[in-house]
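S.K.: To start, I am sharing the structure in question, which I have written as structure tokens.
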Amino acid sequence: MGLAEKKAAREFQNNRFESLKKQIDKEAGFEVDVEVNWETLQVEKYSHLFDETWPKVYFHPLIKALKEMCSEDFAQEAVQEGLKKVVIQNYSDNHNSDRFATFKNGVLTLNHSPIFNVDQIDDRAHNIQTVVEKEL
């Protein structure tokens with residue numbers, strides 16, 4: 001990636017990620033281990049959109065799904081026990097919300113293009129909830 005993408009990613013990491021992480025932890029009711037493969041999210045010539053699209057594609061669906069799944073104590077305990085880590089990445093330029101999330105061995109992997117179907121937040125949140133609840 002070029003300098004513009006690297007700068008935009010660094011800006012996001014330094015100025016946006018912490019507040020999103022706090023929202024994730026708040027809705028989960030526990031501290032969630034979140035690993036972001038930042039380099040895979042950087043799409044050349046789209047650095048001007050990172051601040052808008054990354055939250056919509058990755059973080060807002062996760063926050064929404066955790067809020068729904070952890071709304072009751074027993075469900076929150078099951079999620080806390082079963083969810084070991086969340087990995088956010090873009091390895092396949094997937095843009096289908098039905099293939100957004102996978103959950104295996106306690107690792108929730110969110111794999112999606114950071115620039116396509118950005119506004120399908122509810123669909124991606126539903127996919128997260130479906131794959132996690134199926135395995136818990």
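Following the order of the structure tokens, chains are lettered A, B, ..., residues in each are numbered from 1, and ligands are numbered from 1.
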Need the shell around segment 22-24 of chain A: protein/DNA/RNA residues with any atom at most 8 Å away, counting only C-alpha atoms. Skip same-chain ones fewer than 2 positions apart. Format as a VMD selection string?
M.R.: chain A and resid 18 to 20 26 to 28 32 59 62 to 63 66
S.K.: If you run DSSP on this backbone, which residues of chain A come out as alpha helix (DSSP H), and could you give them as an MDAnalysis selection string?
M.R.: chainID A and resid 3:15 17:28 38:41 50:54 60:69 73:82 121:135
S.K.: Report as an mmCIF file with C-alpha atoms, in the first residue's frame all protein, DNA and RNA residues lying within 10 Å of segment 127-132 of chain A, evaluated on only C-alpha atoms, omitting residues in the same chain fewer than 2 positions from it.
M.R.:
data_model
loop_
_atom_site.group_PDB
_atom_site.id
_atom_site.type_symbol
_atom_site.label_atom_id
_atom_site.label_comp_id
_atom_site.auth_asym_id
_atom_site.auth_seq_id
_atom_site.Cartn_x
_atom_site.Cartn_y
_atom_site.Cartn_z
ATOM 1 C CA PRO A 61 -21.999 -5.105 13.206
ATOM 2 C CA LEU A 62 -19.875 -6.652 15.966
ATOM 3 C CA LYS A 64 -24.736 -4.702 17.473
ATOM 4 C CA ALA A 65 -24.411 -8.503 17.549
ATOM 5 C CA LEU A 66 -22.767 -8.482 20.983
ATOM 6 C CA LYS A 67 -25.448 -6.167 22.343
ATOM 7 C CA GLU A 68 -28.135 -8.576 21.166
ATOM 8 C CA MET A 69 -26.357 -11.772 22.232
ATOM 9 C CA VAL A 79 -20.482 -15.755 25.019
ATOM 10 C CA GLY A 82 -16.946 -19.367 24.325
ATOM 11 C CA LEU A 83 -15.499 -16.298 22.613
ATOM 12 C CA SER A 97 -22.827 -10.593 4.432
ATOM 13 C CA ASP A 98 -23.795 -14.281 4.623
ATOM 14 C CA ARG A 99 -20.112 -15.203 4.484
ATOM 15 C CA PHE A 100 -18.891 -12.379 6.720
ATOM 16 C CA ALA A 101 -18.355 -14.295 9.947
ATOM 17 C CA THR A 102 -16.993 -17.673 10.930
ATOM 18 C CA PHE A 103 -16.676 -19.034 14.457
ATOM 19 C CA LYS A 104 -14.340 -21.918 15.165
ATOM 20 C CA GLY A 106 -13.556 -19.770 20.091
ATOM 21 C CA VAL A 107 -12.250 -17.487 17.344
ATOM 22 C CA LEU A 108 -14.750 -15.238 15.591
ATOM 23 C CA THR A 109 -13.287 -14.204 12.251
ATOM 24 C CA LEU A 110 -14.805 -11.268 10.386
ATOM 25 C CA ILE A 121 -24.593 -3.434 8.970
ATOM 26 C CA ASP A 122 -27.707 -5.292 10.121
ATOM 27 C CA ASP A 123 -27.077 -8.201 7.768
ATOM 28 C CA ARG A 124 -23.507 -8.607 8.992
ATOM 29 C CA ALA A 125 -24.608 -8.323 12.637
ATOM 30 C CA LYS A 134 -24.899 -21.985 16.546
ATOM 31 C CA GLU A 135 -21.591 -22.973 18.162
ATOM 32 C CA LEU A 136 -22.358 -21.983 21.768
#
S.K.: May I have the residues within 9 Å of Val43 of chain A as number ranges by chain, using only C-alpha atoms and disregarding those fewer than 2 positions away in the same chain?
M.R.: A: 1, 5, 39-41, 45-47, 50, 113-115
S.K.: Looking at A:Asn37, A:Gln76, A:Asn96, A:Gln42, which one is nearest to Lys7 of chain A, with distances taken over only C-alpha atoms?
M.R.: A:Gln42
S.K.: Looking at A:Lys56, A:Lys84, A:Arg10, A:His48, which one is nearest to Val118 of chain A, with distances taken over only C-alpha atoms?
M.R.: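 Answer, going by the shortest atom-to-atom distance: A:Lys56.
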S.K.: Out of A:Asn14, A:Glu133, A:Ala4, A:Ala9, which residue has the shortest atom-to-atom distance to Ala78 of chain A when counting only C-alpha atoms?
M.R.: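 With only C-alpha atoms as the atom set, the closest residue is A:Glu133.
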S.K.: Between atom CA of Trp38 of chain A and atom CA of Gln89 of chain A, what is the distance in Å, rounded to a tenth?
M.R.: 7.3 Å
S.K.: Run DSSP on the backbone and give me the residues of segment 13-125 of chain A it puts in strand (DSSP E or B), as a ChimeraX atom specification.
M.R.: /A:34-36,85-89,101-104,107-111
S.K.: Which of these residues is nearest to Leu3 of chain A, using only C-alpha atoms: A:Glu44, A:Tyr58, A:Val87, A:Asp119?
M.R.: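 Using only C-alpha atoms, the shortest distance to Leu3 of chain A belongs to A:Glu44.
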S.K.: From the list A:His126, A:Phe116, A:Asn105, A:Gly29, which residue is nearest Glu72 of chain A when using only C-alpha atoms?
M.R.: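 Answer, going by the shortest atom-to-atom distance: A:Gly29.
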S.K.: Find the residue from A:Asn15, A:Asp51, A:His95, A:Asp33 that sits nearest to Gln120 of chain A; use only C-alpha atoms when measuring.
M.R.: A:His95
S.K.: If you measure from atom CA of Ser71 of chain A to atom CA of Asp25 of chain A, what distance in Å do you get, rounded to one decimal?
M.R.: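 These atoms are spaced 13.0 Å apart.
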